[in-house]
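Participant: Please see the structure below; I have some questions.
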Amino acid sequence: MTEVVRAPAIAFPAAPSRADIGSPWRRAFAYALLLAVTFVLLYPLLWMVASSLRPDSEIFHSTSLIPQAPTFDAYSRGWNGLSVGFSQLFLNSLLISVLVVIGNVMSCAMAAYAFTRLRFRGRGFWFAMMLGTLMLPQHAVLIPQYIMFLKLGWVNTILPLTIPKFLAVDAFFVFLMVQFFRGIPRELDEAAVMDGCGPLRIFLKVILPLSTPVLATAAVFSFIWTWDDFFAPLIYLNDIEKYTAQLGLRTFVDSAGQSDWGALFAMSTLTVLPIFILFLMFQRLLIEGIATTGMKR
Amino acid sequence: MPNAAAASARAVQGDDLAGYGFLLPWLLGFLLLTLGPVAASFYLSLTDYSGLSAPNWVGIENYTRIATDDPRFITAMTVTFTFVLLSVPLKLIFALGVAVALNKGLTGLSFFRAVFYLPSLIGGSVAIAVLWRQVFAGDGLLNQALHTLFGYEGPSWIANPSTSLYTLVLLAVWQFGSSMIIFLAGLRQIPQDIYEAASIDGAQPVRQFFKITLPLLTPVIFFNAVIQTIDAFKAFTSAFVISDGTGGPIDSTLFYTLYLYQEAFTNFRFGYASALAWILVLIIAAFTALSFLSARYWVHYDD
């Protein structure tokens with residue numbers, strides 16, 4: 001994976017080379033400040049994980065980050081705390097997220113390829129339309145989409161959450177890929193044309209293999225955003241056995257509510273865990289994606 | 001060469017077919033899931049549609065009622081604007097401060113950068129909203145800490161309508177990481193020799209910051225401000241989870257999107273909610289347009 005992550009083309013300027021940062025005092029001050037910020041930022045997170053390992057009686061009496069007698073009781077209470085096991089909810093989330101990743105990467109790459117490499121009537125017009133949808137808030141289409149999916153009988157299925165992604169509705173990713181494809185030298189396409197390749201083979205054999213960084217960026221962000229998404233599952237899924245992990249967690253707040261914070265923290269920790277693992281694996285890719293494209297999260 | 005010419009002629013001829021072939025998924029999505037719904041939601045906003053019977057045309061009645069006879073709309077606007085106007089500047093100032101501190105060539109840069117980014121990656125999730133509910137509850141982490149450190153017995157910050165919104169502002173500021181990363185990338189574009197020249201001229205670091213760093217960074221500040229403001233207008237999950245979907249206590253966290261959700265999906269007033277949605281879209285559009293208009297007076301583009 002490091003090959004993908006380290007791949008060039010997304011440039012991140014090197015750190016300033018000057019060694020001088022003023023006096024040792026100022027350097028010490030900067031470090032103290034940064035460490036203090038780190039502590040304040042991470043403290044609630046670490047405390048949540050620590051509390052998930054505590055017996056309930058201890059949670060409200062301890063601000064420390066180290067549980068005295070760690071126990072996984074809260075995890076087993078939480079895992080089976082709803083009428084449907086969390087294993088089902090995690091599988092639901094995983095299925096939806098993986099389908100969204102596949103849909104987004106495929107359909108957005110196809111659109112970006114058409115916009116950057118193929119000449120056809122109306123291309124400029126459709127490209128302008130695509131740019132126009134970049135800034136369009138979801139709220140402008142929300143209610144008619146809901147009514148449409150309701151009439152199609154798709155509400156309370158995963159179809160409204162996944163099918164649109166196969167139709168490249170996330171214009172942001174189309175735009176990201178357009179930018180990337182433009183950087184791939186056209187000589188490569190021309191050489192492939194001379195070898196008798198048609199548009200489909202150029203797409204599959206030239207463009208896609210050279211685009212792994214941008215495809216990986218789109219895939220990782222698609223997964224994280226879908227896994228974290230709350231609004232769409234909230235309006236489209238009704239039966240608890242179809243819930244995503246996020247919806248299940250929110251339902252768990254109501255049922256376990258104020259009484260079982262340990263179990264609540266245990267399940268909270270588990271729903272964040274996949275994101276955290278992806279963060280560790282693709283840290284560079286994520287940070288460079290943000291730095292070069294200005295994604296909001 | 002004739003072969004190549006023939007091949008490329010063939011490619012061009014086939015390009016209408018190939019072009020629309022590759023564009024087809026996007027084109028379907030654009031027509032069916034964007035263009036159609038945009039038109040439909042504008043039409044619905046002029047009706048009393050509730051999902052049960054056919055929509056009745058009511059003209060601009062929904063809009064006039066929102067403007068003149070809807071106290072919860074006023075509340076939602078007040079809450080949302082308070083949230084946007086507090087959280088965005090605070091987040092950006094914090095992000096810029098940390099980015100400047102990180103840009104001093106300290107070792108451990110990539111560690112700090114990653115750690116500071118983590119909250120923005122997970123901050124929008126239900127889990128973090130759950131955590132926030134506990135931290136700011138009456139017997140939550142914050143009050144435990146205040147008790148241990150100062151012997152102070154704090155109130156429930158979440159249940160108190162005069163403080164509940166500020167816990168959400170704090171949650172937004174906590175997610176300053178992605179803005180910080182963009183600031184860092186911007187800071188590194190500033191040529192070091194400008195600072196060296198300024199140092200030789202005897203400019204102190206504070207003066208350098210205000211006379212060099214800040215002006216040269218205005219395009220990045222502008223970009224971050226626009227992105228973060230649009231995002232703040234659309235905030236939903238944290239308010240929903242923390243207030244149990246009510247926007248409470250007593251509507252103190254009734255974000256605009258939350259009010260929109262309640263009207264559409266709890267009260268099934270699709271027509272009215274469509275009008276609310278259009279007003280939000282127009283507010284965001286107006287804000288974006290104003291930002292771009294104002295940019296020429298304060299954003300410094302070097303060319």
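By convention here, the chains of the structure tokens are called A, B, ... in the order presented, each chain's residues are numbered starting at 1, and ligands are numbered starting at 1 in the order presented.
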Please provide the set of residues having any atom within 9 Å of stretch 231-241 of chain A, restricted to only C-alpha atoms, with same-chain residues fewer than 5 positions apart removed, written as a list in words.
Facilitator: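 The residues satisfying every condition are Leu82, Ser83, Val84, Gly85, Gln88, Leu89, Asn92, Tyr146, Phe149, Leu150, Trp154, Val155, Asn156, Thr157, Ile158, Pro160, Leu161, Gln246, Leu247, Gly248 and Thr251 of chain A; Phe236, Thr237, Tyr261 and Phe265 of chain B.
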Participant: Using only C-alpha atoms, determine which residues lie at most 12 Å from A:Lys205, disregarding the query and same-chain residues fewer than 3 positions distant; provide the list as a list in words.
Facilitator: Leu188, Asp189, Ala191, Ala192, Val193, Cys197, Gly198, Pro199, Leu200, Arg201, Ile202, Leu208, Pro209, Leu210 and Ser211 of chain A
Participant: Could the residues of stretch 191-270 of chain B that have an atom at most 7 Å from stretch 154-173 of chain B be listed as a Markdown table, each with its closest atom pair and the distance in Å to one decimal, counting only C-alpha atoms and ordered by chain and ascending residue number?
Facilitator:
| residue | atom | partner | partner_atom | distance |
| --- | --- | --- | --- | --- |
| B:Pro249 | CA | B:Pro161 | CA | 5.4 |
| B:Ile250 | CA | B:Pro161 | CA | 6.6 |
| B:Ser252 | CA | B:Pro161 | CA | 5.4 |
| B:Thr253 | CA | B:Leu165 | CA | 5.5 |
Participant: For N, CA and C atoms, I'd like the residues from the last selection saved as a PDB file, in the first residue's frame.
Facilitator:
ATOM      1  N   PRO B 249     -32.375  21.841  24.437  1.00  0.00           N
ATOM      2  CA  PRO B 249     -33.532  22.277  25.226  1.00  0.00           C
ATOM      3  C   PRO B 249     -34.111  23.604  24.733  1.00  0.00           C
ATOM      4  N   ILE B 250     -35.434  23.681  24.803  1.00  0.00           N
ATOM      5  CA  ILE B 250     -36.251  24.784  24.266  1.00  0.00           C
ATOM      6  C   ILE B 250     -35.656  25.409  22.996  1.00  0.00           C
ATOM      7  N   SER B 252     -32.879  25.549  21.694  1.00  0.00           N
ATOM      8  CA  SER B 252     -31.611  26.288  21.723  1.00  0.00           C
ATOM      9  C   SER B 252     -30.578  25.714  20.761  1.00  0.00           C
ATOM     10  N   THR B 253     -30.773  24.477  20.284  1.00  0.00           N
ATOM     11  CA  THR B 253     -29.848  23.913  19.297  1.00  0.00           C
ATOM     12  C   THR B 253     -30.596  23.543  18.021  1.00  0.00           C
TER      13      THR B 253
END
Participant: Check which residues of chain B sit at most 6 Å from chain A using only C-alpha atoms, and return one row each with the closest pair of atoms and their distance in Å to one decimal, ordered by chain and rising number, as a Markdown table.
Facilitator:
| residue | atom | partner | partner_atom | distance |
| --- | --- | --- | --- | --- |
| B:Ala4 | CA | A:Met194 | CA | 5.5 |
| B:Asp15 | CA | A:Phe120 | CA | 5.7 |
| B:Asp16 | CA | A:Phe120 | CA | 4.5 |
| B:Gly19 | CA | A:Ala114 | CA | 5.3 |
| B:Phe22 | CA | A:Met110 | CA | 5.2 |
| B:Leu23 | CA | A:Ala111 | CA | 4.9 |
| B:Pro25 | CA | A:Leu167 | CA | 4.5 |
| B:Trp26 | CA | A:Ala168 | CA | 4.9 |
| B:Gly29 | CA | A:Leu167 | CA | 4.7 |
| B:Pro37 | CA | A:Val141 | CA | 4.9 |
| B:Val38 | CA | A:Val141 | CA | 5.2 |
| B:Ser41 | CA | A:Pro144 | CA | 5.8 |
| B:Lys104 | CA | A:Ile21 | CA | 5.8 |
| B:Ser120 | CA | A:Arg297 | CA | 5.7 |
| B:Leu121 | CA | A:Arg297 | CA | 5.9 |
| B:Ser125 | CA | A:Asp228 | CA | 5.3 |
| B:Val126 | CA | A:Gln246 | CA | 5.9 |
| B:Ala127 | CA | A:Ser268 | CA | 4.5 |
| B:Ser178 | CA | A:Arg297 | CA | 5.7 |
| B:Ile181 | CA | A:Ala291 | CA | 5.7 |
| B:Ile182 | CA | A:Ala291 | CA | 4.8 |
| B:Ala185 | CA | A:Ala291 | CA | 5.9 |
| B:Ala277 | CA | A:His139 | CA | 5.6 |
Participant: Using only C-alpha atoms, determine which residues lie at most 12 Å from B:Arg296, disregarding the query and same-chain residues fewer than 5 positions distant; provide the list as number ranges by chain.
Facilitator: B: 218-219, 222, 290-291, 301
Participant: Write out as an mmCIF file with C-alpha atoms, in the first residue's frame all residues of stretch 110-288 of chain A that DSSP puts in helix (DSSP H, G or I) for this structure's backbone.
Facilitator:
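File written: states-v1.cif
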data_model
loop_
_atom_site.group_PDB
_atom_site.id
_atom_site.type_symbol
_atom_site.label_atom_id
_atom_site.label_comp_id
_atom_site.auth_asym_id
_atom_site.auth_seq_id
_atom_site.Cartn_x
_atom_site.Cartn_y
_atom_site.Cartn_z
ATOM 1 C CA MET A 110 -15.837 6.991 -16.298
ATOM 2 C CA ALA A 111 -17.275 10.508 -16.279
ATOM 3 C CA ALA A 112 -13.875 12.093 -15.693
ATOM 4 C CA TYR A 113 -12.412 10.048 -18.572
ATOM 5 C CA ALA A 114 -15.174 11.234 -20.915
ATOM 6 C CA PHE A 115 -14.635 14.847 -19.837
ATOM 7 C CA THR A 116 -10.852 14.797 -20.224
ATOM 8 C CA ARG A 117 -10.072 12.352 -23.019
ATOM 9 C CA ARG A 123 -18.944 17.952 -23.835
ATOM 10 C CA GLY A 124 -18.308 21.563 -22.794
ATOM 11 C CA PHE A 125 -21.956 22.014 -21.881
ATOM 12 C CA TRP A 126 -22.136 18.913 -19.692
ATOM 13 C CA PHE A 127 -18.826 19.770 -18.072
ATOM 14 C CA ALA A 128 -20.198 23.187 -17.121
ATOM 15 C CA MET A 129 -23.291 21.453 -15.677
ATOM 16 C CA MET A 130 -21.058 19.154 -13.629
ATOM 17 C CA LEU A 131 -19.147 22.150 -12.230
ATOM 18 C CA GLY A 132 -22.491 23.753 -11.426
ATOM 19 C CA THR A 133 -23.513 20.819 -9.237
ATOM 20 C CA LEU A 134 -20.246 20.956 -7.253
ATOM 21 C CA HIS A 139 -31.007 20.090 0.481
ATOM 22 C CA ALA A 140 -32.059 21.307 -2.960
ATOM 23 C CA VAL A 141 -32.743 17.742 -4.117
ATOM 24 C CA LEU A 142 -33.473 15.988 -0.838
ATOM 25 C CA ILE A 143 -37.270 15.973 -0.709
ATOM 26 C CA PRO A 144 -38.035 15.077 -4.352
ATOM 27 C CA GLN A 145 -35.400 12.322 -4.187
ATOM 28 C CA TYR A 146 -37.072 10.949 -1.070
ATOM 29 C CA ILE A 147 -40.515 11.039 -2.696
ATOM 30 C CA MET A 148 -39.123 9.359 -5.804
ATOM 31 C CA PHE A 149 -37.463 6.555 -3.836
ATOM 32 C CA LEU A 150 -40.651 6.179 -1.781
ATOM 33 C CA LYS A 151 -42.722 5.721 -4.959
ATOM 34 C CA LEU A 159 -30.908 1.085 -2.701
ATOM 35 C CA PRO A 160 -31.318 4.861 -2.075
ATOM 36 C CA LEU A 161 -27.998 4.814 -0.235
ATOM 37 C CA THR A 162 -26.045 2.973 -2.926
ATOM 38 C CA ILE A 163 -27.587 3.192 -6.430
ATOM 39 C CA PRO A 164 -27.075 6.998 -6.775
ATOM 40 C CA LYS A 165 -23.361 6.479 -6.188
ATOM 41 C CA PHE A 166 -23.211 4.309 -9.319
ATOM 42 C CA LEU A 167 -24.503 7.370 -11.189
ATOM 43 C CA ALA A 171 -19.480 15.640 -8.447
ATOM 44 C CA PHE A 172 -16.615 16.402 -6.127
ATOM 45 C CA PHE A 173 -14.915 13.103 -6.972
ATOM 46 C CA VAL A 174 -15.519 13.617 -10.708
ATOM 47 C CA PHE A 175 -13.788 16.975 -10.392
ATOM 48 C CA LEU A 176 -10.905 15.473 -8.409
ATOM 49 C CA MET A 177 -10.355 12.824 -11.080
ATOM 50 C CA VAL A 178 -10.658 15.318 -13.938
ATOM 51 C CA GLN A 179 -7.832 17.296 -12.359
ATOM 52 C CA PHE A 180 -5.716 14.180 -12.054
ATOM 53 C CA PHE A 181 -6.404 12.750 -15.523
ATOM 54 C CA ARG A 182 -5.413 16.080 -17.071
ATOM 55 C CA ARG A 186 -1.602 12.542 -23.843
ATOM 56 C CA GLU A 187 1.308 10.900 -25.661
ATOM 57 C CA LEU A 188 0.443 7.730 -23.773
ATOM 58 C CA ASP A 189 -3.094 7.670 -25.207
ATOM 59 C CA GLU A 190 -1.763 8.429 -28.681
ATOM 60 C CA ALA A 191 0.728 5.581 -28.470
ATOM 61 C CA ALA A 192 -2.089 3.257 -27.401
ATOM 62 C CA VAL A 193 -4.251 4.453 -30.319
ATOM 63 C CA MET A 194 -1.404 3.568 -32.689
ATOM 64 C CA PRO A 199 -11.342 4.250 -25.871
ATOM 65 C CA LEU A 200 -12.332 1.398 -23.560
ATOM 66 C CA ARG A 201 -8.904 -0.232 -23.624
ATOM 67 C CA ILE A 202 -7.140 3.099 -23.196
ATOM 68 C CA PHE A 203 -9.305 3.732 -20.129
ATOM 69 C CA LEU A 204 -8.622 0.296 -18.647
ATOM 70 C CA LYS A 205 -4.978 -0.159 -19.671
ATOM 71 C CA VAL A 206 -3.559 3.379 -19.637
ATOM 72 C CA ILE A 207 -5.603 5.796 -17.566
ATOM 73 C CA LEU A 208 -6.757 3.646 -14.638
ATOM 74 C CA PRO A 209 -3.388 2.003 -13.879
ATOM 75 C CA LEU A 210 -1.719 5.440 -13.811
ATOM 76 C CA THR A 212 -4.115 4.752 -8.433
ATOM 77 C CA PRO A 213 -3.400 7.738 -6.121
ATOM 78 C CA VAL A 214 -6.562 9.589 -7.045
ATOM 79 C CA LEU A 215 -8.650 6.410 -7.164
ATOM 80 C CA ALA A 216 -7.378 5.457 -3.722
ATOM 81 C CA THR A 217 -8.117 8.938 -2.374
ATOM 82 C CA ALA A 218 -11.667 8.773 -3.701
ATOM 83 C CA ALA A 219 -12.111 5.245 -2.358
ATOM 84 C CA VAL A 220 -10.876 6.016 1.155
ATOM 85 C CA PHE A 221 -12.888 9.225 1.490
ATOM 86 C CA SER A 222 -15.990 7.524 0.064
ATOM 87 C CA PHE A 223 -15.678 4.774 2.634
ATOM 88 C CA ILE A 224 -15.130 7.094 5.574
ATOM 89 C CA TRP A 225 -17.907 9.516 4.634
ATOM 90 C CA THR A 226 -20.365 6.698 4.027
ATOM 91 C CA TRP A 227 -19.435 4.861 7.208
ATOM 92 C CA ASP A 228 -19.880 8.086 9.178
ATOM 93 C CA PHE A 231 -28.563 11.662 7.710
ATOM 94 C CA ALA A 232 -29.242 9.407 4.693
ATOM 95 C CA PRO A 233 -29.607 6.183 6.723
ATOM 96 C CA LEU A 234 -31.792 8.108 9.182
ATOM 97 C CA ILE A 235 -34.349 9.045 6.562
ATOM 98 C CA TYR A 236 -34.161 5.931 4.393
ATOM 99 C CA ILE A 240 -33.697 -1.897 13.094
ATOM 100 C CA GLU A 241 -32.247 -4.989 11.400
ATOM 101 C CA LYS A 242 -31.440 -2.817 8.376
ATOM 102 C CA ALA A 245 -23.842 1.073 12.938
ATOM 103 C CA GLN A 246 -24.297 4.847 13.283
ATOM 104 C CA LEU A 247 -28.087 4.553 13.435
ATOM 105 C CA GLY A 248 -27.825 1.646 15.843
ATOM 106 C CA LEU A 249 -25.568 3.661 18.115
ATOM 107 C CA ARG A 250 -28.034 6.536 18.153
ATOM 108 C CA THR A 251 -30.884 4.128 18.960
ATOM 109 C CA PHE A 252 -28.715 2.686 21.690
ATOM 110 C CA VAL A 253 -28.424 6.177 23.214
ATOM 111 C CA ASP A 254 -32.188 6.126 23.680
ATOM 112 C CA SER A 255 -32.397 2.644 25.135
ATOM 113 C CA ALA A 256 -29.210 2.491 27.202
ATOM 114 C CA TRP A 261 -22.518 4.723 29.637
ATOM 115 C CA GLY A 262 -19.918 1.958 29.630
ATOM 116 C CA ALA A 263 -21.732 -0.014 26.945
ATOM 117 C CA LEU A 264 -22.446 3.182 25.028
ATOM 118 C CA PHE A 265 -18.771 4.146 25.062
ATOM 119 C CA ALA A 266 -17.785 0.613 24.065
ATOM 120 C CA MET A 267 -20.027 0.745 20.978
ATOM 121 C CA SER A 268 -18.947 4.323 20.227
ATOM 122 C CA THR A 269 -15.329 3.186 20.291
ATOM 123 C CA LEU A 270 -16.118 0.297 17.937
ATOM 124 C CA THR A 271 -17.931 2.480 15.393
ATOM 125 C CA VAL A 272 -14.943 4.850 15.249
ATOM 126 C CA LEU A 273 -12.410 2.016 15.071
ATOM 127 C CA PRO A 274 -12.692 1.301 11.304
ATOM 128 C CA ILE A 275 -12.155 5.001 10.563
ATOM 129 C CA PHE A 276 -9.195 5.062 12.902
ATOM 130 C CA ILE A 277 -7.630 2.030 11.214
ATOM 131 C CA LEU A 278 -8.083 3.603 7.769
ATOM 132 C CA PHE A 279 -6.592 6.799 9.151
ATOM 133 C CA LEU A 280 -3.494 4.921 10.318
ATOM 134 C CA MET A 281 -3.158 3.090 7.007
ATOM 135 C CA PHE A 282 -3.805 6.015 4.662
ATOM 136 C CA GLN A 283 -2.728 8.979 6.767
ATOM 137 C CA ARG A 284 -0.474 10.483 4.104
ATOM 138 C CA LEU A 285 -3.016 9.977 1.361
ATOM 139 C CA LEU A 286 -5.756 11.618 3.432
ATOM 140 C CA ILE A 287 -3.653 14.571 4.511
ATOM 141 C CA GLU A 288 -2.312 15.197 1.013
#
Participant: Please measure the separation of atom CA of B:His300 and atom CA of B:Tyr117, giving the value in Å to one decimal.
Facilitator: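 Pair atom CA of B:His300 / atom CA of B:Tyr117 returns 27.2 Å.
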Participant: For B:Ile93, list every protein, DNA or RNA residue within 12 Å, evaluated using only C-alpha atoms, and leave out those in the same chain fewer than 5 positions away; present the list as a list in words.
Facilitator: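 So, after excluding close chain neighbours, the residues are Leu86, Ser87, Val88, Val98, Ala99, Val100, Val173, Phe176, Gly177, Ser179, Met180, Phe183, Leu214, Ile221, Asn224 and Ala225 of chain B.
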Participant: Take the residues from that selection and write them out as a tab-separated table (two decimals), in the first residue's frame, keeping N, CA and C atoms.
Facilitator:
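File written: selection-v2.tsv
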chain	number	residue	atom	x	y	z
B	86	LEU	N	-19.92	32.16	15.14
B	86	LEU	CA	-18.97	31.86	16.23
B	86	LEU	C	-17.98	30.77	15.84
B	87	SER	N	-18.51	29.68	15.28
B	87	SER	CA	-17.64	28.51	15.10
B	87	SER	C	-16.63	28.72	13.98
B	88	VAL	N	-17.03	29.38	12.88
B	88	VAL	CA	-16.10	29.48	11.75
B	88	VAL	C	-14.89	30.36	12.09
B	98	VAL	N	-2.21	27.27	15.12
B	98	VAL	CA	-1.50	26.00	15.23
B	98	VAL	C	-0.64	25.77	13.99
B	99	ALA	N	-1.16	26.12	12.81
B	99	ALA	CA	-0.39	25.94	11.58
B	99	ALA	C	0.89	26.77	11.62
B	100	VAL	N	0.78	28.02	12.09
B	100	VAL	CA	1.97	28.87	12.16
B	100	VAL	C	2.98	28.28	13.15
B	173	VAL	N	-15.09	23.64	16.69
B	173	VAL	CA	-13.73	24.15	16.76
B	173	VAL	C	-12.75	23.00	16.97
B	176	PHE	N	-10.69	21.43	13.92
B	176	PHE	CA	-10.00	22.46	13.15
B	176	PHE	C	-8.94	21.87	12.22
B	177	GLY	N	-8.71	20.55	12.31
B	177	GLY	CA	-7.56	19.94	11.65
B	177	GLY	C	-7.49	20.11	10.15
B	179	SER	N	-8.76	22.44	8.21
B	179	SER	CA	-8.39	23.83	7.88
B	179	SER	C	-6.92	24.05	8.15
B	180	MET	N	-6.43	23.48	9.26
B	180	MET	CA	-5.02	23.65	9.62
B	180	MET	C	-4.11	23.08	8.53
B	183	PHE	N	-4.00	25.46	5.71
B	183	PHE	CA	-3.15	26.61	6.08
B	183	PHE	C	-1.67	26.24	5.99
B	214	LEU	N	0.15	37.06	6.90
B	214	LEU	CA	-1.30	37.22	6.78
B	214	LEU	C	-1.72	37.68	5.38
B	221	ILE	N	-7.02	31.78	3.41
B	221	ILE	CA	-8.01	32.15	4.43
B	221	ILE	C	-9.39	32.24	3.79
B	224	ASN	N	-10.68	28.67	2.94
B	224	ASN	CA	-11.12	27.98	4.16
B	224	ASN	C	-12.41	28.58	4.71
B	225	ALA	N	-12.51	29.91	4.68
B	225	ALA	CA	-13.69	30.55	5.24
B	225	ALA	C	-14.94	30.15	4.46
Participant: Suppose you want the space between atom CA of B:Ala203 and atom CA of A:Arg26; what is it in Å?
Facilitator: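 It comes out at 17.1 Å.
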Participant: Provide the atom CA of B:Trp278 to atom CA of B:Phe42 distance in Å, to one decimal place.
Facilitator: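 Between atom CA of B:Trp278 and atom CA of B:Phe42 the gap works out to 7.3 Å.
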Participant: Env of stretch 46-50 of chain B: 8 Å cut, atoms = only C-alpha atoms, seq-sep filter 2 positions within chain, self excluded. Answer as a PyMOL selection string.
Facilitator: chain B and resi 42-44+52-62+268-272+275
Participant: Keeping only N, CA and C atoms, write the selected residues as a PDB file, in the first residue's frame.
Facilitator:
ATOM      1  N   PHE B  42     -38.486  22.914  -6.382  1.00  0.00           N
ATOM      2  CA  PHE B  42     -38.980  24.286  -6.519  1.00  0.00           C
ATOM      3  C   PHE B  42     -40.503  24.272  -6.705  1.00  0.00           C
ATOM      4  N   TYR B  43     -40.969  23.334  -7.539  1.00  0.00           N
ATOM      5  CA  TYR B  43     -42.426  23.221  -7.724  1.00  0.00           C
ATOM      6  C   TYR B  43     -43.111  22.876  -6.394  1.00  0.00           C
ATOM      7  N   LEU B  44     -42.567  21.877  -5.690  1.00  0.00           N
ATOM      8  CA  LEU B  44     -43.187  21.462  -4.423  1.00  0.00           C
ATOM      9  C   LEU B  44     -43.256  22.610  -3.422  1.00  0.00           C
ATOM     10  N   LEU B  52     -49.674  12.516   1.023  1.00  0.00           N
ATOM     11  CA  LEU B  52     -50.900  11.723   1.086  1.00  0.00           C
ATOM     12  C   LEU B  52     -51.796  11.977  -0.129  1.00  0.00           C
ATOM     13  N   SER B  53     -52.095  13.249  -0.380  1.00  0.00           N
ATOM     14  CA  SER B  53     -52.928  13.562  -1.532  1.00  0.00           C
ATOM     15  C   SER B  53     -52.091  14.341  -2.544  1.00  0.00           C
ATOM     16  N   ALA B  54     -52.666  14.527  -3.719  1.00  0.00           N
ATOM     17  CA  ALA B  54     -51.934  15.253  -4.772  1.00  0.00           C
ATOM     18  C   ALA B  54     -51.616  16.667  -4.300  1.00  0.00           C
ATOM     19  N   PRO B  55     -50.457  17.209  -4.754  1.00  0.00           N
ATOM     20  CA  PRO B  55     -50.093  18.559  -4.306  1.00  0.00           C
ATOM     21  C   PRO B  55     -51.076  19.616  -4.815  1.00  0.00           C
ATOM     22  N   ASN B  56     -51.467  20.533  -3.936  1.00  0.00           N
ATOM     23  CA  ASN B  56     -52.283  21.683  -4.336  1.00  0.00           C
ATOM     24  C   ASN B  56     -51.405  22.909  -4.473  1.00  0.00           C
ATOM     25  N   TRP B  57     -51.608  23.645  -5.556  1.00  0.00           N
ATOM     26  CA  TRP B  57     -50.852  24.863  -5.806  1.00  0.00           C
ATOM     27  C   TRP B  57     -51.244  25.929  -4.783  1.00  0.00           C
ATOM     28  N   VAL B  58     -50.248  26.466  -4.052  1.00  0.00           N
ATOM     29  CA  VAL B  58     -50.566  27.530  -3.100  1.00  0.00           C
ATOM     30  C   VAL B  58     -49.775  28.803  -3.387  1.00  0.00           C
ATOM     31  N   GLY B  59     -49.079  28.822  -4.526  1.00  0.00           N
ATOM     32  CA  GLY B  59     -48.294  30.014  -4.858  1.00  0.00           C
ATOM     33  C   GLY B  59     -47.170  30.223  -3.852  1.00  0.00           C
ATOM     34  N   ILE B  60     -46.938  31.474  -3.472  1.00  0.00           N
ATOM     35  CA  ILE B  60     -45.819  31.755  -2.574  1.00  0.00           C
ATOM     36  C   ILE B  60     -46.240  31.724  -1.100  1.00  0.00           C
ATOM     37  N   GLU B  61     -47.384  31.096  -0.826  1.00  0.00           N
ATOM     38  CA  GLU B  61     -47.899  31.096   0.548  1.00  0.00           C
ATOM     39  C   GLU B  61     -46.895  30.528   1.552  1.00  0.00           C
ATOM     40  N   ASN B  62     -46.220  29.403   1.165  1.00  0.00           N
ATOM     41  CA  ASN B  62     -45.231  28.830   2.091  1.00  0.00           C
ATOM     42  C   ASN B  62     -44.166  29.858   2.453  1.00  0.00           C
ATOM     43  N   PHE B 268     -44.079  15.548   7.812  1.00  0.00           N
ATOM     44  CA  PHE B 268     -44.424  15.262   6.422  1.00  0.00           C
ATOM     45  C   PHE B 268     -45.056  16.452   5.721  1.00  0.00           C
ATOM     46  N   ARG B 269     -44.552  17.649   6.022  1.00  0.00           N
ATOM     47  CA  ARG B 269     -45.003  18.829   5.286  1.00  0.00           C
ATOM     48  C   ARG B 269     -43.975  19.087   4.189  1.00  0.00           C
ATOM     49  N   PHE B 270     -44.068  18.247   3.118  1.00  0.00           N
ATOM     50  CA  PHE B 270     -43.046  18.279   2.063  1.00  0.00           C
ATOM     51  C   PHE B 270     -43.005  19.626   1.348  1.00  0.00           C
ATOM     52  N   GLY B 271     -44.197  20.218   1.123  1.00  0.00           N
ATOM     53  CA  GLY B 271     -44.233  21.502   0.425  1.00  0.00           C
ATOM     54  C   GLY B 271     -43.530  22.582   1.229  1.00  0.00           C
ATOM     55  N   TYR B 272     -43.923  22.676   2.487  1.00  0.00           N
ATOM     56  CA  TYR B 272     -43.348  23.691   3.371  1.00  0.00           C
ATOM     57  C   TYR B 272     -41.837  23.476   3.538  1.00  0.00           C
ATOM     58  N   ALA B 275     -39.833  24.650   0.631  1.00  0.00           N
ATOM     59  CA  ALA B 275     -39.604  26.101   0.687  1.00  0.00           C
ATOM     60  C   ALA B 275     -38.466  26.403   1.656  1.00  0.00           C
TER      61      ALA B 275
END
